[in-house]
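Everything below belongs to my_file19.cif, which stores mmCIF, C-alpha atoms.
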data_final
loop_
_atom_site.label_atom_id
_atom_site.label_comp_id
_atom_site.auth_asym_id
_atom_site.auth_seq_id
_atom_site.Cartn_x
_atom_site.Cartn_y
_atom_site.Cartn_z
CA MET Q 1 25.85 -49.91 16.00
CA GLU Q 2 25.42 -51.11 12.44
CA VAL Q 3 24.87 -48.32 9.91
CA THR Q 4 24.29 -48.90 6.21
CA HIS Q 5 23.56 -45.45 4.76
CA PRO Q 6 26.77 -43.83 3.44
CA LEU Q 7 26.13 -40.38 4.91
CA ALA Q 8 25.15 -41.69 8.32
CA LYS Q 9 27.96 -44.25 8.21
CA LYS Q 10 30.55 -41.55 7.58
CA LEU Q 11 29.19 -39.34 10.38
CA VAL Q 12 29.12 -42.25 12.84
CA PHE Q 13 32.70 -43.10 11.82
CA TYR Q 14 33.86 -39.57 12.68
CA ILE Q 15 32.03 -39.75 15.99
CA GLY Q 16 33.70 -43.11 16.80
CA THR Q 17 37.12 -41.75 15.87
CA LEU Q 18 36.56 -38.72 18.12
CA LEU Q 19 35.57 -40.93 21.03
CA ASP Q 20 38.54 -43.19 20.45
CA ASN Q 21 40.89 -40.20 20.45
CA MET Q 22 39.35 -39.10 23.72
CA GLY Q 23 40.21 -42.47 25.26
CA VAL Q 24 36.70 -43.86 25.57
CA GLU Q 25 36.47 -47.62 25.77
CA ALA Q 26 35.23 -49.38 22.63
CA GLU Q 27 32.20 -50.91 24.36
CA LYS Q 28 31.08 -47.59 25.82
CA ALA Q 29 31.87 -45.78 22.58
CA ASP Q 30 29.63 -48.15 20.65
CA LYS Q 31 26.69 -47.30 22.98
CA MET Q 32 27.42 -43.57 22.92
CA GLU Q 33 27.73 -43.27 19.15
CA GLY Q 34 23.98 -43.46 18.55
CA TRP Q 35 23.06 -40.80 21.11
CA ILE Q 36 25.85 -38.50 19.98
CA TYR Q 37 24.66 -38.97 16.42
CA VAL Q 38 21.14 -37.86 17.43
CA ILE Q 39 22.51 -34.83 19.30
CA VAL Q 40 24.68 -33.85 16.32
CA ILE Q 41 21.70 -34.09 13.96
CA ILE Q 42 19.59 -31.94 16.31
CA LEU Q 43 22.32 -29.30 16.57
CA LEU Q 44 22.87 -29.44 12.82
CA ALA Q 45 19.14 -28.95 12.20
CA PHE Q 46 18.97 -25.84 14.35
CA ALA Q 47 22.22 -24.48 12.88
CA VAL Q 48 20.92 -24.89 9.32
CA ALA Q 49 17.65 -23.18 10.26
CA PHE Q 50 19.50 -20.28 11.90
CA VAL Q 51 21.80 -19.74 8.92
CA LEU Q 52 18.91 -19.95 6.46
CA ARG Q 53 16.98 -17.45 8.54
CA LEU Q 54 19.79 -14.91 8.28
CA ILE Q 55 20.21 -15.51 4.55
CA VAL Q 56 16.48 -15.30 3.78
CA HIS Q 57 16.09 -12.14 5.84
CA ARG Q 58 18.96 -10.40 4.04
CA ILE Q 59 17.60 -11.38 0.63
CA LEU Q 60 14.09 -10.18 1.49
CA VAL Q 61 15.35 -6.89 2.95
CA SER Q 62 17.29 -6.25 -0.26
CA TYR Q 63 14.16 -7.07 -2.28
CA ALA Q 64 11.93 -4.82 -0.17
CA ARG Q 65 14.11 -1.78 -0.85
CA ASN Q 66 13.23 -1.82 -4.53
CA HIS Q 67 10.00 -3.80 -4.78
CA GLY Q 68 6.83 -4.67 -2.91
CA ASN Q 69 4.10 -2.63 -1.30
CA GLU Q 70 4.07 -1.21 2.21
CA THR Q 71 2.40 -4.29 3.71
CA ILE Q 72 5.07 -6.62 2.30
CA LYS Q 73 7.81 -4.30 3.50
CA GLU Q 74 6.31 -4.21 6.97
CA LEU Q 75 6.07 -7.99 7.09
CA ILE Q 76 9.70 -8.27 6.02
CA GLY Q 77 10.71 -5.69 8.61
CA ARG Q 78 9.05 -7.80 11.32
CA LYS Q 79 10.98 -10.88 10.04
CA VAL Q 80 7.73 -12.71 9.39
CA PHE Q 81 9.01 -14.59 6.34
CA ALA Q 82 12.44 -15.27 7.82
CA ARG Q 83 10.90 -16.94 10.86
CA ALA Q 84 9.33 -19.55 8.58
CA THR Q 85 12.69 -21.35 8.77
CA TYR Q 86 11.78 -22.42 12.33
CA VAL Q 87 9.75 -25.27 10.82
CA LEU Q 88 12.89 -26.76 9.17
CA PRO Q 89 14.60 -28.46 12.19
CA PRO Q 90 11.99 -31.22 12.63
CA LEU Q 91 12.05 -31.93 8.89
CA ILE Q 92 15.83 -32.27 8.94
CA MET Q 93 15.67 -34.49 12.03
CA ILE Q 94 13.00 -36.74 10.58
CA THR Q 95 15.13 -37.16 7.45
CA LEU Q 96 18.60 -37.81 8.96
CA ILE Q 97 18.02 -39.57 12.29
CA PRO Q 98 16.43 -42.74 10.81
CA LEU Q 99 19.47 -43.17 8.55
CA ALA Q 100 21.50 -44.53 11.47
CA TYR Q 101 18.73 -46.59 13.06
CA GLY Q 102 17.49 -48.77 10.24
CA GLU Q 103 17.63 -51.81 12.50
CA TYR Q 104 15.45 -50.23 15.19
CA PRO Q 105 12.02 -49.66 13.58
CA ARG Q 106 10.24 -49.04 16.89
CA PHE Q 107 12.74 -46.37 17.87
CA ILE Q 108 12.45 -44.76 14.43
CA ASP Q 109 8.65 -44.74 14.72
CA ASN Q 110 8.83 -42.91 18.05
CA VAL Q 111 11.38 -40.45 16.68
CA GLU Q 112 9.27 -39.74 13.62
CA ARG Q 113 6.18 -39.21 15.74
CA ALA Q 114 8.04 -36.79 18.02
CA CYS Q 115 9.44 -34.91 15.03
CA TRP Q 116 6.03 -34.64 13.42
CA LEU Q 117 4.59 -33.30 16.69
CA TYR Q 118 7.40 -30.76 16.80
CA PHE Q 119 6.71 -29.82 13.17
CA VAL Q 120 2.96 -29.32 13.71
CA ILE Q 121 3.53 -27.24 16.84
CA SER Q 122 6.14 -25.14 15.00
CA VAL Q 123 3.70 -24.52 12.16
CA LEU Q 124 0.95 -23.52 14.62
CA VAL Q 125 3.25 -21.11 16.46
CA TYR Q 126 4.45 -19.57 13.21
CA ALA Q 127 0.90 -19.32 11.80
CA ASN Q 128 -0.22 -17.55 14.98
CA PHE Q 129 2.74 -15.16 14.74
CA PHE Q 130 2.08 -14.49 11.05
CA ILE Q 131 -1.66 -13.83 11.61
CA SER Q 132 -0.97 -11.52 14.57
CA ALA Q 133 1.66 -9.55 12.67
CA LEU Q 134 -0.63 -9.17 9.67
CA TRP Q 135 -3.48 -8.04 11.94
CA ARG Q 136 -1.32 -5.39 13.61
CA ILE Q 137 -0.26 -4.02 10.24
CA LEU Q 138 -3.77 -3.93 8.78
CA SER Q 139 -5.49 -2.62 11.91
CA VAL Q 140 -3.43 0.59 12.03
CA SER Q 141 -4.23 1.64 8.47
CA GLU Q 142 -6.83 4.36 7.93
CA ALA Q 143 -9.04 2.11 5.80
CA ASN Q 144 -9.23 -0.67 8.41
CA ARG Q 145 -8.91 1.25 11.66
CA THR Q 146 -12.65 1.13 12.35
CA ARG Q 147 -13.28 -2.39 11.09
CA PRO Q 148 -13.74 -5.22 13.60
CA LEU Q 149 -10.56 -7.07 12.63
CA HIS Q 150 -10.06 -8.34 16.17
CA GLY Q 151 -13.01 -10.68 15.77
CA ILE Q 152 -11.72 -11.94 12.43
CA LEU Q 153 -8.31 -12.51 14.04
CA GLN Q 154 -9.90 -14.65 16.74
CA LEU Q 155 -11.88 -16.58 14.14
CA VAL Q 156 -8.80 -17.43 12.07
CA ARG Q 157 -6.82 -18.30 15.20
CA GLY Q 158 -9.60 -20.59 16.36
CA ILE Q 159 -9.73 -22.40 13.03
CA VAL Q 160 -5.96 -22.87 12.91
CA ALA Q 161 -5.84 -24.04 16.53
CA GLY Q 162 -8.70 -26.49 15.95
CA ILE Q 163 -7.06 -28.05 12.90
CA GLY Q 164 -3.71 -28.22 14.72
CA ALA Q 165 -5.29 -29.87 17.78
CA ILE Q 166 -6.90 -32.57 15.63
CA ILE Q 167 -3.61 -33.31 13.84
CA ILE Q 168 -1.66 -33.45 17.13
CA VAL Q 169 -4.14 -35.89 18.68
CA ALA Q 170 -4.05 -37.97 15.50
CA ILE Q 171 -0.24 -38.20 15.67
CA ILE Q 172 -0.24 -39.14 19.35
CA LEU Q 173 -2.88 -41.84 18.85
CA ASP Q 174 -1.42 -42.89 15.51
CA LYS Q 175 -4.83 -42.48 13.86
CA SER Q 176 -6.00 -40.80 10.71
CA PRO Q 177 -7.24 -37.18 11.27
CA MET Q 178 -10.33 -37.94 9.18
CA LYS Q 179 -11.30 -40.75 11.54
CA LEU Q 180 -11.05 -38.34 14.48
CA ILE Q 181 -13.22 -35.78 12.71
CA THR Q 182 -15.79 -38.48 11.95
CA GLY Q 183 -15.76 -39.54 15.60
CA LEU Q 184 -16.26 -35.98 16.79
CA GLY Q 185 -19.43 -35.79 14.73
CA ALA Q 186 -21.06 -38.25 17.13
CA PHE Q 187 -20.60 -35.76 19.97
CA ALA Q 188 -21.78 -32.73 17.97
CA ALA Q 189 -25.23 -32.67 19.59
CA VAL Q 190 -23.76 -32.87 23.09
CA LEU Q 191 -21.20 -30.18 22.31
CA MET Q 192 -23.92 -27.86 20.97
CA LEU Q 193 -25.90 -28.20 24.20
CA VAL Q 194 -22.91 -27.72 26.48
CA PHE Q 195 -21.40 -24.83 24.52
CA LYS Q 196 -24.66 -23.29 23.29
CA ASP Q 197 -23.89 -19.75 24.49
CA SER Q 198 -20.35 -19.85 23.12
CA ILE Q 199 -21.54 -21.11 19.73
CA ILE Q 200 -24.30 -18.47 19.51
CA GLY Q 201 -21.84 -15.75 20.50
CA PHE Q 202 -19.33 -17.02 17.96
CA VAL Q 203 -21.89 -17.02 15.12
CA SER Q 204 -23.20 -13.58 16.11
CA GLY Q 205 -19.66 -12.19 16.20
CA VAL Q 206 -19.06 -13.48 12.69
CA GLN Q 207 -22.32 -11.85 11.53
CA LEU Q 208 -21.35 -8.51 13.04
CA SER Q 209 -17.98 -8.63 11.28
CA GLN Q 210 -19.13 -10.08 7.97
CA ASN Q 211 -22.10 -7.73 7.50
CA ASP Q 212 -20.23 -4.68 8.83
CA MET Q 213 -23.12 -4.00 11.21
CA ILE Q 214 -21.03 -2.42 13.95
CA ARG Q 215 -17.51 -1.07 13.84
CA LYS Q 216 -15.06 0.00 16.47
CA GLY Q 217 -15.76 3.65 17.29
CA ASP Q 218 -19.43 3.58 16.21
CA TRP Q 219 -22.01 5.40 18.32
CA ILE Q 220 -24.83 2.96 19.04
CA ASN Q 221 -27.88 3.00 21.29
CA THR Q 222 -30.89 0.82 22.05
CA ALA Q 223 -34.50 1.77 22.62
CA ASP Q 224 -34.45 0.82 26.30
CA GLY Q 225 -31.44 3.08 26.93
CA THR Q 226 -29.19 0.27 28.18
CA ILE Q 227 -26.62 1.12 25.53
CA ASN Q 228 -25.84 4.68 24.48
CA GLY Q 229 -22.20 5.26 23.68
CA HIS Q 230 -19.22 4.37 21.52
CA VAL Q 231 -17.96 0.87 20.73
CA LEU Q 232 -14.52 0.29 22.22
CA ASP Q 233 -13.78 -3.21 20.97
CA ILE Q 234 -15.44 -6.07 19.09
CA THR Q 235 -14.43 -9.71 19.48
CA LEU Q 236 -16.16 -12.97 18.63
CA ASN Q 237 -17.36 -13.36 22.22
CA THR Q 238 -17.87 -9.83 23.54
CA VAL Q 239 -18.63 -6.27 22.48
CA LYS Q 240 -17.36 -3.51 24.76
CA VAL Q 241 -19.18 -0.15 24.80
CA ARG Q 242 -18.35 3.02 26.71
CA ASN Q 243 -21.62 4.77 27.55
CA PHE Q 244 -21.78 8.55 27.74
CA ASP Q 245 -21.91 8.33 31.54
CA ASN Q 246 -18.39 6.78 31.26
CA THR Q 247 -19.57 3.33 32.34
CA ILE Q 248 -18.16 0.35 30.44
CA LEU Q 249 -20.74 -2.16 29.24
CA THR Q 250 -19.63 -5.60 28.08
CA LEU Q 251 -22.22 -7.75 26.34
CA PRO Q 252 -22.33 -10.81 24.06
CA PRO Q 253 -22.63 -10.19 20.31
CA TYR Q 254 -25.93 -12.11 20.02
CA TRP Q 255 -27.54 -9.48 22.27
CA LEU Q 256 -26.95 -6.92 19.51
CA ILE Q 257 -28.27 -9.30 16.86
CA SER Q 258 -31.47 -10.20 18.70
CA GLN Q 259 -32.89 -6.67 19.12
CA PRO Q 260 -32.96 -3.35 17.22
CA VAL Q 261 -29.78 -1.32 17.64
CA GLN Q 262 -29.49 2.20 16.27
CA ASN Q 263 -26.12 2.93 14.70
CA TRP Q 264 -25.30 6.63 14.18
CA ARG Q 265 -22.47 5.93 11.73
CA GLY Q 266 -24.65 6.96 8.77
CA MET Q 267 -25.32 10.33 10.39
CA GLU Q 268 -21.62 10.87 11.14
CA GLU Q 269 -20.68 10.07 7.55
CA SER Q 270 -23.43 12.26 6.05
CA GLY Q 271 -23.47 16.01 5.51
CA GLY Q 272 -25.48 16.87 8.61
CA ARG Q 273 -27.45 15.76 11.65
CA ARG Q 274 -31.22 15.95 11.51
CA ILE Q 275 -33.25 18.45 13.53
CA LYS Q 276 -36.90 17.53 13.70
CA PHE Q 277 -39.50 18.84 16.13
CA SER Q 278 -43.03 20.22 16.06
CA VAL Q 279 -45.12 22.72 18.03
CA ASP Q 280 -48.92 22.88 18.24
CA VAL Q 281 -50.52 26.05 16.92
CA ASP Q 282 -53.92 27.06 18.34
CA THR Q 283 -56.32 26.88 15.39
CA ASP Q 284 -58.32 29.86 16.73
CA SER Q 285 -55.29 32.09 16.26
CA ILE Q 286 -54.92 31.29 12.52
CA VAL Q 287 -56.36 34.20 10.50
CA THR Q 288 -55.97 35.74 7.05
CA MET Q 289 -53.47 38.53 6.67
CA SER Q 290 -54.91 41.92 7.60
CA PRO Q 291 -53.38 45.28 6.63
CA ASP Q 292 -52.39 45.95 10.23
CA LEU Q 293 -50.76 42.55 10.66
CA PHE Q 294 -49.04 42.83 7.28
CA ALA Q 295 -47.66 46.23 8.27
CA SER Q 296 -46.40 44.96 11.63
CA ILE Q 297 -44.47 42.03 10.18
CA GLY Q 298 -43.39 43.79 7.00
CA ASN Q 299 -40.52 45.47 8.82
CA LEU Q 300 -39.01 42.21 10.03
CA GLU Q 301 -35.54 41.91 8.60
CA LEU Q 302 -36.02 38.38 7.27
CA LEU Q 303 -39.34 39.18 5.56
CA LYS Q 304 -38.63 42.66 4.28
CA GLY Q 305 -36.51 41.63 1.29
CA PHE Q 306 -38.79 38.66 0.58
CA ILE Q 307 -41.89 40.88 0.48
CA GLU Q 308 -40.24 43.43 -1.80
CA LYS Q 309 -38.85 40.80 -4.15
CA ASN Q 310 -42.23 39.10 -4.63
CA GLY Q 311 -44.23 42.32 -4.77
CA LEU Q 312 -46.39 41.51 -1.74
CA SER Q 313 -48.68 44.12 -0.19
CA PRO Q 314 -51.71 44.27 2.12
CA ALA Q 315 -53.88 44.00 -0.99
CA LYS Q 316 -51.82 41.05 -2.28
CA PRO Q 317 -50.39 39.14 0.68
CA ASP Q 318 -50.03 35.87 -1.28
CA PHE Q 319 -47.42 35.47 -4.07
CA GLY Q 320 -49.26 32.51 -5.63
CA MET Q 321 -48.16 29.09 -6.78
CA GLU Q 322 -45.99 30.50 -9.54
CA GLY Q 323 -43.70 31.89 -6.85
CA TRP Q 324 -43.35 28.66 -4.90
CA GLY Q 325 -39.76 27.78 -4.22
CA SER Q 326 -38.74 31.43 -4.11
CA GLU Q 327 -35.81 31.47 -1.68
CA GLY Q 328 -36.92 28.09 -0.37
CA VAL Q 329 -40.47 29.18 0.55
CA PHE Q 330 -43.34 26.86 -0.38
CA GLY Q 331 -47.04 27.39 0.33
CA SER Q 332 -49.46 30.24 0.73
CA THR Q 333 -48.60 33.41 2.63
CA ALA Q 334 -52.18 34.69 2.73
CA THR Q 335 -52.52 33.68 6.41
CA ASN Q 336 -50.49 34.56 9.45
CA LEU Q 337 -49.50 30.88 9.77
CA GLY Q 338 -48.40 30.75 6.12
CA MET Q 339 -46.34 33.90 6.55
CA PHE Q 340 -44.88 32.46 9.75
CA ARG Q 341 -43.81 29.34 7.86
CA ALA Q 342 -42.19 31.52 5.21
CA TYR Q 343 -40.41 33.44 7.96
CA LEU Q 344 -39.08 30.25 9.53
CA SER Q 345 -38.00 28.88 6.13
CA LEU Q 346 -36.03 32.04 5.40
CA TYR Q 347 -34.51 31.90 8.87
CA LEU Q 348 -33.38 28.29 8.44
CA ILE Q 349 -31.99 28.80 4.94
CA GLY Q 350 -30.05 31.84 6.05
CA ASN Q 351 -28.72 30.16 9.20
CA PRO Q 352 -25.01 29.37 8.62
CA TYR Q 353 -25.23 26.39 11.00
CA ILE Q 354 -27.91 24.65 8.92
CA SER Q 355 -26.79 22.47 6.00
CA ARG Q 356 -27.92 23.84 2.65
CA GLU Q 357 -27.13 20.58 0.84
CA LEU Q 358 -29.82 18.66 2.75
CA MET Q 359 -33.56 19.22 3.05
CA VAL Q 360 -34.95 22.28 4.81
CA MET Q 361 -38.70 22.24 5.33
CA THR Q 362 -41.47 23.69 7.48
CA ARG Q 363 -44.75 21.83 7.18
CA LEU Q 364 -48.12 21.29 8.84
CA LEU Q 365 -49.11 17.88 10.13
CA GLN Q 366 -52.50 16.30 10.76
CA PRO Q 367 -54.52 18.52 13.16
CA THR Q 368 -55.08 17.12 16.64
CA ASP Q 369 -57.08 18.07 19.71
CA ASN Q 370 -54.20 20.36 20.68
CA GLY Q 371 -54.16 22.30 17.41
CA VAL Q 372 -52.22 22.13 14.17
CA PRO Q 373 -48.67 20.73 14.54
CA LEU Q 374 -46.07 22.90 12.82
CA GLU Q 375 -42.97 20.80 12.12
CA ILE Q 376 -39.43 22.03 11.56
CA TYR Q 377 -37.31 19.66 9.47
CA CYS Q 378 -33.67 20.46 8.67
CA PHE Q 379 -30.10 19.27 9.23
CA SER Q 380 -27.42 20.78 11.40
CA ALA Q 381 -24.10 21.24 9.60
CA ASP Q 382 -22.29 20.56 12.88
CA LYS Q 383 -22.73 16.96 14.04
CA ILE Q 384 -20.95 17.22 17.40
CA TRP Q 385 -23.46 16.59 20.18
CA LYS Q 386 -22.87 19.76 22.21
CA GLU Q 387 -22.90 22.10 19.22
CA TYR Q 388 -25.88 20.26 17.69
CA GLU Q 389 -27.98 20.72 20.81
CA ALA Q 390 -27.08 24.41 20.93
CA ILE Q 391 -28.19 24.91 17.30
CA LYS Q 392 -31.42 22.99 17.87
CA SER Q 393 -32.18 24.96 21.04
CA GLU Q 394 -31.66 28.25 19.23
CA ILE Q 395 -34.17 27.24 16.54
CA ILE Q 396 -36.75 26.20 19.12
CA GLU Q 397 -36.29 29.49 20.98
CA ARG Q 398 -36.75 31.41 17.72
CA VAL Q 399 -40.01 29.57 16.98
CA PHE Q 400 -41.52 30.28 20.40
CA SER Q 401 -40.30 33.87 20.65
CA SER Q 402 -41.45 34.95 17.16
CA ALA Q 403 -44.88 33.25 17.04
CA ALA Q 404 -46.50 36.13 18.94
CA LEU Q 405 -45.29 38.60 16.27
CA PHE Q 406 -47.62 36.82 13.84
CA LYS Q 407 -50.50 36.78 16.36
CA LEU Q 408 -50.20 33.02 16.71
CA ARG Q 409 -50.67 31.14 19.96
CA LEU Q 410 -48.68 27.99 20.59
CA TYR Q 411 -50.60 25.42 22.57
CA GLN Q 412 -49.53 24.05 25.91
CA ASN Q 413 -51.44 22.43 28.75
CA ALA Q 414 -52.79 24.77 31.40
CA SER Q 415 -50.47 25.42 34.31
CA GLY Q 416 -51.11 26.67 37.84
CA ILE Q 417 -50.70 30.28 36.72
CA ASP Q 418 -53.42 29.84 34.10
CA TYR Q 419 -55.88 28.52 36.69
CA LEU Q 420 -54.99 31.31 39.09
CA ALA Q 421 -55.51 33.96 36.38
CA ALA Q 422 -58.87 32.38 35.49
CA ALA Q 423 -59.87 32.58 39.14
CA TYR Q 424 -59.14 36.33 39.18
CA ILE Q 425 -61.21 36.84 36.04
CA THR Q 426 -64.11 34.77 37.39
CA ALA Q 427 -64.08 36.84 40.56
CA GLY Q 428 -64.20 40.02 38.48
CA LYS Q 429 -60.78 41.16 39.62
CA GLN Q 430 -57.87 42.42 37.60
CA VAL Q 431 -55.14 39.86 36.95
CA PRO Q 432 -51.92 40.99 38.70
CA ASP Q 433 -48.95 41.78 36.50
CA SER Q 434 -46.87 39.41 38.65
CA LEU Q 435 -48.66 36.44 37.05
CA ASN Q 436 -47.07 37.42 33.73
CA CYS Q 437 -49.99 36.05 31.69
CA LYS Q 438 -50.76 36.95 28.13
CA LEU Q 439 -54.53 37.03 27.80
#

Let me see the structure of the file written as structure tokens.
Amino acid sequence: MEVTHPLAKKLVFYIGTLLDNMGVEAEKADKMEGWIYVIVIILLAFAVAFVLRLIVHRILVSYARNHGNETIKELIGRKVFARATYVLPPLIMITLIPLAYGEYPRFIDNVERACWLYFVISVLVYANFFISALWRILSVSEANRTRPLHGILQLVRGIVAGIGAIIIVAIILDKSPMKLITGLGAFAAVLMLVFKDSIIGFVSGVQLSQNDMIRKGDWINTADGTINGHVLDITLNTVKVRNFDNTILTLPPYWLISQPVQNWRGMEESGGRRIKFSVDVDTDSIVTMSPDLFASIGNLELLKGFIEKNGLSPAKPDFGMEGWGSEGVFGSTATNLGMFRAYLSLYLIGNPYISRELMVMTRLLQPTDNGVPLEIYCFSADKIWKEYEAIKSEIIERVFSSAALFKLRLYQNASGIDYLAAAYITAGKQVPDSLNCKL
């Protein structure tokens, strides 16, 4: 074979000399020189890449000991930068192989195309490795542990793979990548119809990640009760939720975008979990404070210090507007309902399980046919579900058990026992103690 480049000519000469020393015939040696030259260049390319990888890794390890942050050190420890040398072999091949085949342009064109394909694939593999390694490092940190980085990883991978696929097809067809992109635009409408669900899911997944709407570990629920649990994983195509009944629900991201979803993250990050409920007070049981009633409730432990501090007495049961806010009590105490609200306010403020940094309030709502709603509004200091329900239940029990001390009746619909007691009264008979009715 005729070689004109000095470097290639010298290498081919050594190959011919080696074949001659091995006793290969001149005609056969002339045919074998070209293929041996290609094999030598390929081996040389991989050898150079391997040596450079070792050298680069040692230099970076030495640098990481004295410089760089933890992320850089972790990337160096995983040999992310050193593996970048894997893209060198095709570049070396595409540079040296044509030197010995100047008289074979078609062969050189095929070699260059193969080397460029190898180079693009190497870059794609390395980019995927680099992105995955970076994701693993970032996803384990405390700041990013709850962020939906998996979806972002898939997005970046998809973009890189799409660009790489276009370049590979362009190399195989020997066309410009821009012409391929322009040609794909003609099929955009068809692709949108065929892959409608995938495109909607992809866009919704990006919205969830970009707007930080839902994170891994968030407690979410929907109004219809289909979802009520913690988010296990978020990708661009699916969101996986473990409901509190231990069932696993997998749904597309656009389902969470298209309807209201309650996220309890704000509650978990705040200082408490809200307790809000109301009971209906019979309006006929609301009366002004009488001396007898004042005397009966004056010995209650929660009210005793409050009454003494504000100088309250049967003749002066109300401490007036100038005393509002005293120990968290707002409103008049001249009625049994007002004193009951003061009692509940003192109880809530003194409860160690109720947050004192957030609002504590007892208020009356718009009267209804069932009476006057008395609402309790406060925040539990403990946000764990089991403990929260226990605290809330204790408050409700206190409201119902202490209302009678203030001569208040809490409204509820008539039950079978009420009708049976009414029947005894209508018949002029005494209501049996077994009915346990308070008349």

Taking into account only C-alpha atoms, which residue in the set Q:Val329, Q:Ala49, Q:Ile275, Q:Ile307 is nearest to Q:Lys392? Q:Ile275

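Evaluated against the shown file, the PyMOL selection byres ((chain Q and resi 243-256) around 7) gives Ile200, Gly201, Ser204, Gly205, Ile227, Asn228, Gly229, His230, Asn237, Thr238, Val239, Lys240, Val241, Arg242, Ile257, Ser258, Gln259 and Val261 of chain Q.
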
Exercise: Q:Glu327 partners within 12 Å, all atoms listed in the file, chain neighbours under 4 positions left out, as a CSV table (one decimal) with C-alpha atoms, in the frame of the given file:
chain,number,residue,atom,x,y,z
Q,302,LEU,CA,-36.0,38.4,7.3
Q,303,LEU,CA,-39.3,39.2,5.6
Q,305,GLY,CA,-36.5,41.6,1.3
Q,306,PHE,CA,-38.8,38.7,0.6
Q,307,ILE,CA,-41.9,40.9,0.5
Q,309,LYS,CA,-38.8,40.8,-4.2
Q,310,ASN,CA,-42.2,39.1,-4.6
Q,323,GLY,CA,-43.7,31.9,-6.8
Q,342,ALA,CA,-42.2,31.5,5.2
Q,343,TYR,CA,-40.4,33.4,8.0
Q,344,LEU,CA,-39.1,30.2,9.5
Q,345,SER,CA,-38.0,28.9,6.1
Q,346,LEU,CA,-36.0,32.0,5.4
Q,347,TYR,CA,-34.5,31.9,8.9
Q,348,LEU,CA,-33.4,28.3,8.4
Q,349,ILE,CA,-32.0,28.8,4.9
Q,350,GLY,CA,-30.0,31.8,6.0
Q,356,ARG,CA,-27.9,23.8,2.6
Q,360,VAL,CA,-35.0,22.3,4.8
Q,361,MET,CA,-38.7,22.2,5.3

Run through the PyMOL selection byres ((chain Q and resi 383-391) around 9) on the given coordinates and return the selected residues as a PyMOL selection string. chain Q and resi 267-268+271-275+353-354+380-382+392-396

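Considering the residues Q:Arg409, Q:Arg363, Q:Lys79, Q:Arg113 and counting all atoms listed in the file, Q:Ile171 has its shortest atom-to-atom contact with Q:Arg113.
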